[in-house]
$ cat target-v2.cif   # mmCIF, C-alpha atoms and all ligand atoms
data_data
#
loop_
_atom_site.label_atom_id
_atom_site.label_comp_id
_atom_site.auth_asym_id
_atom_site.auth_seq_id
_atom_site.Cartn_x
_atom_site.Cartn_y
_atom_site.Cartn_z
CA MET A 1 -44.36 -105.44 34.94
CA PRO A 2 -47.46 -104.15 36.79
CA VAL A 3 -49.72 -101.85 34.78
CA LYS A 4 -49.79 -98.28 35.98
CA GLN A 5 -53.36 -97.02 36.24
CA GLU A 6 -53.24 -93.28 36.07
CA GLN A 7 -55.79 -90.57 36.47
CA ASN A 8 -52.97 -88.17 35.72
CA ILE A 9 -50.15 -88.11 33.23
CA ASP A 10 -47.27 -89.61 35.11
CA ALA A 11 -43.67 -88.55 34.84
CA GLU A 12 -42.57 -91.60 32.87
CA LEU A 13 -45.26 -91.09 30.24
CA ARG A 14 -44.29 -87.44 29.89
CA GLU A 15 -40.67 -88.44 29.48
CA ARG A 16 -41.57 -91.16 26.95
CA LEU A 17 -43.56 -88.61 24.95
CA ARG A 18 -40.81 -86.04 25.24
CA SER A 19 -38.20 -88.38 23.84
CA ALA A 20 -40.44 -90.23 21.34
CA ARG A 21 -39.55 -89.90 17.68
CA GLY A 22 -42.28 -92.23 16.45
CA VAL A 23 -45.81 -92.22 17.88
CA PHE A 24 -48.52 -94.59 16.71
CA VAL A 25 -52.15 -94.03 17.75
CA LEU A 26 -54.95 -96.55 17.28
CA THR A 27 -58.45 -95.25 17.87
CA GLY A 28 -61.83 -96.92 18.13
CA ALA A 29 -65.46 -95.96 18.58
CA GLY A 30 -64.82 -94.49 22.05
CA VAL A 31 -62.87 -91.55 20.58
CA SER A 32 -66.05 -90.45 18.80
CA ALA A 33 -68.41 -91.23 21.70
CA GLU A 34 -68.25 -87.65 22.99
CA SER A 35 -69.24 -86.45 19.51
CA GLY A 36 -72.48 -88.38 19.90
CA VAL A 37 -71.46 -91.35 17.74
CA PRO A 38 -72.79 -94.55 19.33
CA THR A 39 -70.19 -97.19 20.19
CA PHE A 40 -70.68 -100.83 19.24
CA ARG A 41 -70.17 -102.49 22.56
CA GLY A 42 -70.28 -99.58 24.97
CA GLY A 43 -74.05 -99.39 25.41
CA GLY A 44 -74.70 -97.33 22.28
CA ASN A 45 -78.07 -97.52 20.56
CA THR A 46 -77.08 -99.05 17.26
CA ALA A 47 -76.18 -102.47 18.64
CA VAL A 48 -79.42 -103.90 17.21
CA TRP A 49 -81.12 -102.50 14.11
CA LYS A 50 -84.49 -103.75 12.90
CA GLY A 51 -84.00 -106.84 15.03
CA LEU A 52 -80.60 -107.61 13.50
CA PRO A 53 -77.49 -107.39 15.70
CA PHE A 54 -74.86 -105.13 14.11
CA ASP A 55 -72.45 -108.01 13.56
CA VAL A 56 -75.08 -109.67 11.37
CA ILE A 57 -76.07 -106.60 9.35
CA SER A 58 -72.43 -105.39 9.19
CA SER A 59 -71.20 -108.64 7.71
CA ALA A 60 -69.92 -109.91 4.37
CA GLY A 61 -72.81 -112.41 4.28
CA MET A 62 -75.39 -109.62 4.46
CA VAL A 63 -73.89 -107.85 1.44
CA ALA A 64 -74.32 -111.07 -0.52
CA ARG A 65 -77.83 -111.76 0.82
CA ASP A 66 -79.45 -108.33 0.97
CA LEU A 67 -77.45 -105.36 -0.36
CA PRO A 68 -80.44 -102.95 -0.18
CA ALA A 69 -80.77 -103.67 3.58
CA VAL A 70 -77.06 -102.95 4.02
CA TRP A 71 -77.56 -99.60 2.26
CA GLU A 72 -80.56 -98.84 4.46
CA TRP A 73 -78.49 -99.55 7.58
CA PHE A 74 -75.61 -97.33 6.46
CA ASP A 75 -77.96 -94.57 5.26
CA TYR A 76 -79.39 -94.60 8.77
CA ARG A 77 -75.86 -94.44 10.25
CA ARG A 78 -74.94 -91.51 7.97
CA GLY A 79 -78.11 -89.78 9.12
CA VAL A 80 -76.81 -89.97 12.70
CA LEU A 81 -73.27 -88.96 11.74
CA ARG A 82 -74.40 -85.95 9.74
CA HIS A 83 -75.05 -84.15 13.04
CA CYS A 84 -71.76 -85.15 14.71
CA GLN A 85 -68.75 -82.88 14.96
CA PRO A 86 -65.17 -83.70 15.99
CA ASN A 87 -64.61 -83.42 19.74
CA PRO A 88 -61.56 -82.29 21.74
CA ALA A 89 -59.99 -85.76 21.42
CA HIS A 90 -60.02 -85.59 17.61
CA ALA A 91 -58.69 -82.02 17.77
CA ALA A 92 -55.88 -82.98 20.15
CA LEU A 93 -54.72 -85.81 17.87
CA ALA A 94 -54.81 -83.50 14.88
CA ARG A 95 -52.46 -81.14 16.72
CA TRP A 96 -50.07 -83.99 17.48
CA GLN A 97 -49.33 -84.82 13.88
CA ASP A 98 -46.71 -82.10 13.53
CA ARG A 99 -45.10 -82.60 16.92
CA PHE A 100 -43.29 -85.87 16.31
CA GLU A 101 -40.83 -86.94 13.66
CA ARG A 102 -43.11 -89.83 12.73
CA PHE A 103 -46.75 -89.72 13.73
CA THR A 104 -49.31 -92.27 12.59
CA LEU A 105 -53.01 -92.19 13.29
CA ALA A 106 -54.78 -95.46 12.50
CA THR A 107 -58.48 -95.69 13.20
CA GLN A 108 -61.09 -98.41 13.19
CA ASN A 109 -63.74 -95.73 12.85
CA ILE A 110 -65.56 -95.15 9.60
CA ASP A 111 -67.02 -91.77 10.61
CA GLY A 112 -64.36 -89.52 9.05
CA LEU A 113 -64.17 -87.34 12.18
CA HIS A 114 -60.37 -87.47 12.46
CA ALA A 115 -60.03 -85.96 8.99
CA ALA A 116 -62.78 -83.47 9.80
CA ALA A 117 -60.67 -82.36 12.80
CA GLY A 118 -57.67 -81.77 10.51
CA SER A 119 -55.73 -85.03 10.77
CA ARG A 120 -53.89 -85.86 7.55
CA GLY A 121 -53.09 -89.30 6.16
CA VAL A 122 -55.35 -91.15 8.60
CA LEU A 123 -55.09 -94.91 8.11
CA GLU A 124 -58.74 -95.95 7.97
CA LEU A 125 -58.54 -99.66 8.71
CA HIS A 126 -62.27 -100.32 8.36
CA GLY A 127 -63.01 -97.92 5.50
CA ASN A 128 -65.19 -94.84 5.41
CA VAL A 129 -68.96 -94.59 5.65
CA TRP A 130 -69.02 -91.62 3.26
CA ARG A 131 -67.56 -93.65 0.37
CA ALA A 132 -69.12 -96.26 -1.94
CA ARG A 133 -67.18 -98.97 -3.73
CA CYS A 134 -68.11 -100.91 -6.85
CA VAL A 135 -68.47 -104.64 -6.17
CA ALA A 136 -67.09 -105.40 -9.66
CA CYS A 137 -64.36 -102.90 -10.62
CA GLY A 138 -63.54 -101.56 -7.14
CA GLY A 139 -64.08 -97.93 -8.26
CA ARG A 140 -64.82 -95.57 -5.37
CA GLU A 141 -67.12 -92.56 -5.11
CA ASP A 142 -68.01 -90.00 -2.48
CA ILE A 143 -71.59 -90.80 -1.46
CA ARG A 144 -72.30 -87.10 -0.86
CA GLU A 145 -71.68 -86.49 -4.55
CA MET A 146 -73.83 -89.37 -5.82
CA ASN A 147 -77.44 -88.99 -6.73
CA GLY A 148 -80.11 -91.30 -5.34
CA GLY A 149 -80.64 -94.93 -6.24
CA ARG A 150 -80.23 -97.76 -3.76
CA PRO A 151 -78.11 -99.68 -4.35
CA PRO A 152 -76.37 -97.14 -6.57
CA ALA A 153 -74.84 -98.23 -9.87
CA CYS A 154 -71.16 -97.73 -10.67
CA ARG A 155 -70.58 -94.90 -13.13
CA ALA A 156 -67.64 -96.77 -14.67
CA CYS A 157 -69.06 -100.25 -15.20
CA GLY A 158 -72.75 -100.13 -14.20
CA GLU A 159 -72.46 -102.79 -11.48
CA TRP A 160 -73.79 -102.32 -7.93
CA MET A 161 -71.91 -100.24 -5.46
CA ARG A 162 -71.68 -101.01 -1.75
CA PRO A 163 -70.58 -98.96 1.27
CA ASP A 164 -66.76 -98.82 1.30
CA VAL A 165 -66.44 -100.24 4.80
CA VAL A 166 -64.87 -103.44 6.11
CA LEU A 167 -67.50 -105.77 7.46
CA PHE A 168 -67.08 -108.90 9.58
CA GLY A 169 -65.52 -111.66 7.54
CA GLU A 170 -63.92 -109.25 5.07
CA MET A 171 -60.26 -108.47 4.57
CA LEU A 172 -58.92 -105.07 5.50
CA PRO A 173 -57.54 -103.00 2.57
CA VAL A 174 -54.10 -104.55 2.12
CA ASP A 175 -52.16 -101.31 1.53
CA VAL A 176 -53.67 -99.60 4.58
CA TRP A 177 -53.13 -102.66 6.74
CA GLU A 178 -49.50 -103.09 5.71
CA GLU A 179 -48.75 -99.43 6.30
CA ALA A 180 -50.35 -99.58 9.76
CA ALA A 181 -48.59 -102.81 10.74
CA GLY A 182 -45.21 -101.42 9.65
CA ARG A 183 -45.69 -98.13 11.49
CA ALA A 184 -46.92 -99.87 14.65
CA CYS A 185 -43.79 -101.98 14.80
CA ALA A 186 -41.53 -98.94 14.36
CA CYS A 187 -42.95 -96.60 17.00
CA ASP A 188 -41.59 -95.60 20.40
CA VAL A 189 -44.97 -94.84 21.99
CA CYS A 190 -48.22 -96.55 21.04
CA LEU A 191 -51.42 -94.96 22.28
CA VAL A 192 -54.66 -96.93 22.13
CA VAL A 193 -57.77 -94.83 22.52
CA GLY A 194 -61.41 -95.83 22.95
CA THR A 195 -61.41 -99.34 21.57
CA SER A 196 -62.65 -102.53 23.20
CA ALA A 197 -59.63 -104.16 21.46
CA ILE A 198 -61.48 -107.34 20.59
CA VAL A 199 -61.84 -106.99 16.82
CA TYR A 200 -58.94 -108.42 14.87
CA PRO A 201 -56.68 -107.81 13.10
CA ALA A 202 -56.78 -104.17 14.33
CA ALA A 203 -56.49 -105.26 17.98
CA GLY A 204 -53.22 -106.97 17.10
CA LEU A 205 -51.49 -103.67 16.22
CA PRO A 206 -50.82 -102.50 19.80
CA VAL A 207 -49.72 -106.00 20.73
CA ALA A 208 -47.23 -105.96 17.85
CA ALA A 209 -46.05 -102.48 18.84
CA ARG A 210 -45.46 -103.58 22.43
CA ARG A 211 -43.59 -106.69 21.30
CA ALA A 212 -41.38 -104.49 19.12
CA GLY A 213 -40.47 -102.44 22.19
CA ALA A 214 -42.97 -99.56 22.22
CA TYR A 215 -44.28 -98.01 25.42
CA LEU A 216 -47.98 -98.90 25.34
CA VAL A 217 -50.60 -96.57 26.74
CA GLU A 218 -54.36 -97.08 26.85
CA VAL A 219 -56.93 -94.30 27.18
CA ASN A 220 -60.29 -95.83 28.04
CA PRO A 221 -62.65 -95.44 31.00
CA GLU A 222 -63.04 -99.22 31.03
CA PRO A 223 -60.46 -102.02 31.10
CA THR A 224 -59.98 -104.07 27.93
CA PRO A 225 -58.15 -107.30 27.09
CA LEU A 226 -55.21 -105.08 26.16
CA SER A 227 -54.99 -103.42 29.57
CA GLU A 228 -52.85 -106.08 31.14
CA ILE A 229 -49.99 -105.66 28.66
CA CYS A 230 -50.11 -101.85 28.80
CA ASP A 231 -47.30 -99.90 30.44
CA ALA A 232 -49.79 -97.25 31.52
CA THR A 233 -53.55 -96.86 31.36
CA ILE A 234 -55.45 -93.60 31.64
CA ARG A 235 -58.94 -94.33 32.90
CA ARG A 236 -60.55 -91.22 31.53
CA ARG A 237 -62.70 -90.28 28.60
CA ALA A 238 -60.71 -89.49 25.48
CA GLY A 239 -62.10 -85.95 25.27
CA GLU A 240 -60.63 -85.20 28.69
CA ALA A 241 -57.40 -87.18 28.55
CA LEU A 242 -56.10 -86.38 25.07
CA PRO A 243 -56.16 -82.57 25.29
CA ARG A 244 -54.17 -82.86 28.51
CA LEU A 245 -51.69 -85.23 26.93
CA ALA A 246 -51.55 -82.96 23.91
CA ILE A 247 -50.78 -79.95 26.04
CA ALA A 248 -48.03 -81.88 27.76
CA ALA A 249 -46.65 -82.67 24.30
CA VAL A 250 -47.00 -79.05 23.18
CA LEU A 251 -45.00 -77.89 26.15
CA MET A 252 -42.43 -80.56 25.49
CA GLY A 253 -42.08 -79.19 21.98
CA PHE A 254 -41.97 -75.77 23.56
CA ASN A 255 -39.13 -76.91 25.81
CA ARG A 256 -37.25 -78.50 22.97
CA ASN A 257 -37.71 -75.81 20.38
CA LEU A 258 -37.93 -72.57 22.28
CA LEU A 259 -35.67 -73.06 25.24
CA VAL A 260 -32.75 -71.30 23.63
CA GLN A 261 -34.84 -68.34 22.52
CA MET A 262 -36.42 -68.16 25.95
CA GLN A 263 -32.97 -67.75 27.47
CA GLN A 264 -32.65 -64.54 25.48
CA ALA A 265 -36.18 -63.35 26.21
CA THR A 266 -37.06 -60.33 28.27
CA PRO A 267 -38.59 -60.77 31.72
CA ALA A 268 -41.93 -59.54 30.33
CA THR A 269 -41.93 -62.19 27.60
CA LEU A 270 -40.99 -64.84 30.08
CA GLY A 271 -43.74 -63.74 32.45
CA LEU A 272 -46.32 -63.75 29.67
CA ALA A 273 -45.16 -67.10 28.33
CA GLY A 274 -45.20 -68.57 31.81
CA THR A 275 -48.70 -67.28 32.51
CA LEU A 276 -49.99 -68.62 29.22
CA ALA A 277 -48.28 -71.93 29.74
CA VAL A 278 -49.74 -72.36 33.20
CA LEU A 279 -53.20 -71.32 32.06
CA LEU A 280 -53.08 -73.70 29.11
CA CYS A 281 -51.27 -76.49 30.77
CA TYR A 282 -53.12 -77.41 33.89
CA GLY A 283 -51.89 -80.93 33.28
CA GLY A 284 -48.61 -80.20 31.61
CA HIS A 285 -45.01 -79.91 32.59
CA LEU A 286 -43.40 -76.57 32.47
CA ARG A 287 -39.71 -75.82 32.26
CA VAL A 288 -38.69 -72.34 31.25
CA VAL A 289 -35.20 -70.92 31.54
CA GLY A 290 -34.79 -67.27 32.30
CA GLU A 291 -31.60 -65.25 32.56
CA SER A 292 -32.85 -62.58 34.91
CA SER A 293 -33.89 -62.85 38.51
CA ALA A 294 -36.95 -60.68 37.71
CA ALA A 295 -38.11 -63.35 35.28
CA ARG A 296 -37.59 -66.04 37.86
CA LEU A 297 -39.50 -64.03 40.43
CA ARG A 298 -42.31 -63.47 37.98
CA MET A 299 -42.43 -67.17 37.18
CA GLY A 300 -42.43 -67.97 40.88
CA ALA A 301 -45.36 -65.62 41.43
CA VAL A 302 -47.28 -67.12 38.52
CA GLY A 303 -46.45 -70.56 39.83
CA SER A 304 -47.72 -69.89 43.31
CA LEU A 305 -50.93 -68.36 41.90
CA PHE A 306 -51.64 -71.53 39.96
CA GLY A 307 -50.32 -74.05 42.45
CA LEU A 308 -47.11 -74.62 40.52
CA ALA A 309 -44.39 -76.28 42.55
CA SER A 310 -41.47 -74.21 41.36
CA THR A 311 -37.81 -74.68 42.10
CA PRO A 312 -36.07 -71.53 40.87
CA GLN A 313 -32.31 -71.74 40.61
CA PRO A 314 -29.91 -69.24 39.11
CA GLY A 315 -30.79 -68.98 35.45
CA THR A 316 -33.61 -71.46 35.78
CA CYS A 317 -37.22 -71.49 36.77
CA ALA A 318 -38.73 -74.91 36.60
CA GLY A 319 -41.81 -76.60 37.90
CA SER A 320 -44.44 -79.16 37.19
CA ILE A 321 -48.15 -78.98 37.70
CA LEU A 322 -50.22 -81.99 38.57
CA TRP A 323 -53.78 -82.39 37.40
CA ALA A 324 -56.38 -81.16 39.81
C1 LIG B 401 -64.45 -94.60 25.47
C2 LIG B 401 -65.31 -93.57 25.62
C3 LIG B 401 -64.73 -92.32 25.71
C4 LIG B 401 -66.51 -95.29 25.50
N1 LIG B 401 -63.42 -92.18 25.65
N2 LIG B 401 -63.15 -94.47 25.41
C5 LIG B 401 -60.80 -114.70 16.31
C6 LIG B 401 -59.54 -114.19 16.23
C7 LIG B 401 -59.23 -113.26 15.27
C8 LIG B 401 -60.19 -112.81 14.38
C9 LIG B 401 -61.44 -113.35 14.47
C10 LIG B 401 -61.74 -114.28 15.39
N3 LIG B 401 -63.05 -114.60 15.23
C11 LIG B 401 -63.55 -113.87 14.22
C12 LIG B 401 -62.59 -113.10 13.75
C13 LIG B 401 -62.72 -112.17 12.69
C14 LIG B 401 -63.35 -110.84 13.06
C15 LIG B 401 -63.19 -110.51 14.55
O1 LIG B 401 -62.23 -109.93 14.97
N4 LIG B 401 -64.18 -110.82 15.35
C16 LIG B 401 -64.11 -110.55 16.78
C17 LIG B 401 -65.43 -110.03 17.27
C18 LIG B 401 -63.65 -111.78 17.49
N5 LIG B 401 -62.65 -109.89 12.28
C19 LIG B 401 -62.95 -109.70 10.99
O2 LIG B 401 -63.85 -110.29 10.43
C20 LIG B 401 -62.08 -108.73 10.25
N6 LIG B 401 -61.59 -109.31 9.08
C21 LIG B 401 -60.78 -110.36 9.11
O3 LIG B 401 -60.43 -110.89 10.15
O4 LIG B 401 -60.41 -110.79 7.87
C22 LIG B 401 -59.84 -112.07 7.76
C23 LIG B 401 -60.97 -113.03 7.55
C24 LIG B 401 -61.51 -113.13 6.32
C25 LIG B 401 -62.54 -114.03 6.10
C26 LIG B 401 -63.03 -114.78 7.15
C27 LIG B 401 -62.50 -114.62 8.42
C28 LIG B 401 -61.46 -113.73 8.63
C29 LIG B 401 -62.88 -107.51 9.83
C30 LIG B 401 -63.35 -106.74 11.01
C31 LIG B 401 -64.22 -105.58 10.54
C32 LIG B 401 -64.90 -104.92 11.72
N7 LIG B 401 -65.95 -104.13 11.22
C33 LIG B 401 -66.72 -103.35 12.17
C34 LIG B 401 -67.94 -102.80 11.47
C35 LIG B 401 -67.58 -101.70 10.46
C36 LIG B 401 -68.78 -101.23 9.74
C37 LIG B 401 -69.82 -100.67 10.68
O5 LIG B 401 -69.57 -99.66 11.33
O6 LIG B 401 -70.90 -101.22 10.75
O7 LIG B 401 -65.90 -102.30 12.70
S1 LIG B 401 -67.18 -104.24 13.64
C38 LIG B 401 -67.03 -102.90 14.73
O8 LIG B 401 -66.03 -103.26 15.72
C39 LIG B 401 -66.46 -101.75 13.91
C40 LIG B 401 -65.37 -101.26 14.80
O9 LIG B 401 -64.39 -100.59 14.04
C41 LIG B 401 -64.85 -102.50 15.47
C42 LIG B 401 -64.12 -102.26 16.75
O10 LIG B 401 -64.96 -101.67 17.70
P1 LIG B 401 -64.36 -100.55 18.67
O11 LIG B 401 -63.94 -99.40 17.88
O12 LIG B 401 -63.37 -101.16 19.54
O13 LIG B 401 -65.69 -100.11 19.47
P2 LIG B 401 -66.39 -100.80 20.71
O14 LIG B 401 -67.77 -100.30 20.75
O15 LIG B 401 -66.19 -102.26 20.71
O16 LIG B 401 -65.60 -100.24 21.98
C43 LIG B 401 -65.69 -98.89 22.38
C44 LIG B 401 -64.71 -98.66 23.49
O17 LIG B 401 -64.68 -97.29 23.77
C45 LIG B 401 -65.08 -99.36 24.79
O18 LIG B 401 -63.94 -100.01 25.29
C46 LIG B 401 -65.47 -98.23 25.74
O19 LIG B 401 -65.10 -98.45 27.10
C47 LIG B 401 -64.68 -97.10 25.17
N8 LIG B 401 -65.25 -95.78 25.38
N9 LIG B 401 -66.63 -94.08 25.65
C48 LIG B 401 -62.67 -93.31 25.51
N10 LIG B 401 -65.54 -91.21 25.88
ZN ZN B 402 -67.56 -100.52 -11.33
#

$ encode --input "target-v2.cif" --output "structure tokens" --more "lines below"
Ligand code: BJW
Ligand code: ZN
Amino acid sequence: MPVKQEQNIDAELRERLRSARGVFVLTGAGVSAESGVPTFRGGGNTAVWKGLPFDVISSAGMVARDLPAVWEWFDYRRGVLRHCQPNPAHAALARWQDRFERFTLATQNIDGLHAAAGSRGVLELHGNVWRARCVACGGREDIREMNGGRPPACRACGEWMRPDVVLFGEMLPVDVWEEAAGRACACDVCLVVGTSAIVYPAAGLPVAARRAGAYLVEVNPEPTPLSEICDATIRRRAGEALPRLAIAAVLMGFNRNLLVQMQQATPATLGLAGTLAVLLCYGGHLRVVGESSAARLRMGAVGSLFGLASTPQPGTCAGSILWA
């Protein structure tokens, strides 16, 4: 099946999202790019550090050879991250978590920005840069609550601690991986955002989801090896695309949950709701049912103001707005 390359959210994607019960999202460095976090392979400025390519310094071998250098590298990275805030893409995904029966957010990022945006239960496949882990007993600590010392010593057993991140050549945390793999294979829509999709095993999750029957969508300004098996690709930055997708999802929830109440609403409520919806949803899909002709007229007026193609019928005022 040919891949659909969309600048806009197409009707099929909206419908897939509307009917999805399980949504699985995999994010990578690109979702944090608009927060100022450098990517690994997208021209960011951390690709080489002190003459060492990141895949050398961020490797299992380096922990064995030179743990203090690994700490220095991650202290530097935390110094950069300290100034970074979640962006609209993180915020949009945080809003999604309550909109679907089953919603899973798995990330390859170690920056903690999804949680900072309010996402709960994020599956952090590659660990978290703000945590340290004891090389002997596996005990974990929040680096922000530890005092000095590099490498720090474990409070429980006195052995060295290391950053609690998954480096090249290391296994992913088994429980997190198994949870992610199970959820990926049980979703209806799989969204892959801002990853070059070349680092395994994480890059295998969307492939597994697609094989299990999910509708696979990629949000990335650049093509990736995954693009050719995607059902749709949105060639936009995550900070632009996700809020628009999120608004489409909000309005779908709005349709599903509030349609009945809207049928009972007064023309004024309908007019206000319609105006708000159109203002908020410049990329969304709007379907509001009104009992009175005044409400339909009001919706029609709002629609024409905002370029809404509306098709009012008795008892119904419906329309959809395409992205500008
Ligand atoms: C935007 C945007 C915007 C920009 N909006 N988008 C062959 C087959 C299978 C596996 C292997 C293999 N050869 C080697 C392996 C193993 C290796 C691997 O996959 N290597 C590949 C490079 C081939 N994998 C491992 O070692 C993993 N472990 C493992 O396999 O265990 C089994 C094993 C054990 C023992 C021996 C061998 C195997 C572990 C992988 C851990 C990865 N760790 C890192 C570093 C974490 C710590 C740190 O931060 O330093 O994780 S590597 C780095 O890459 C980081 C990332 O999470 C990961 C993925 O990168 P990501 O997120 O995709 O970022 P980028 O920069 O690559 O892409 C950014 C994208 O965003 C681009 O596409 C842009 O276009 C886009 N973008 N702006 C949306 N605004
Ligand atoms: Zn310990």

$ residues_near_ligand --input "target-v2.cif" --ligand "ligand LIG 401 (chain B)" --cutoff "6 Å" --atoms "only C-alpha atoms and all ligand atoms" --output "PyMOL selection string"
chain A and resi 28-31+33-34+39-42+58+108-109+126+165-171+193-201+220-222+237-238

$ residues_near_ligand --input "target-v2.cif" --ligand "ligand ZN 402 (chain B)" --cutoff "6 Å" --atoms "all atoms listed in the file" --output "PyMOL selection string"
chain A and resi 134+136-139+154+156-159

$ closest_residue --input "target-v2.cif" --among "A:Gly149, A:Pro88, A:Pro163, A:Pro206" --to "A:Leu245" --atoms "all atoms listed in the file"
A:Pro88

$ atom_distance --input "target-v2.cif" --atom1 "atom CA of A:Pro86" --atom2 "atom CA of A:Leu242"
13.1 Å

$ residues_around --input "target-v2.cif" --residues "A:Ser119" --least-positions-apart "4" --cutoff "10 Å" --atoms "only C-alpha atoms" --output "PyMOL selection string"
chain A and resi 90-98+104-105+112-115

$ closest_residue --input "target-v2.cif" --among "A:Thr233, A:Asn87, A:Thr107, A:Asn147" --to "A:Ser32" --atoms "all atoms listed in the file"
A:Asn87

$ atom_distance --input "target-v2.cif" --atom1 "atom CA of A:Glu178" --atom2 "atom CA of A:Asp164"
18.3 Å
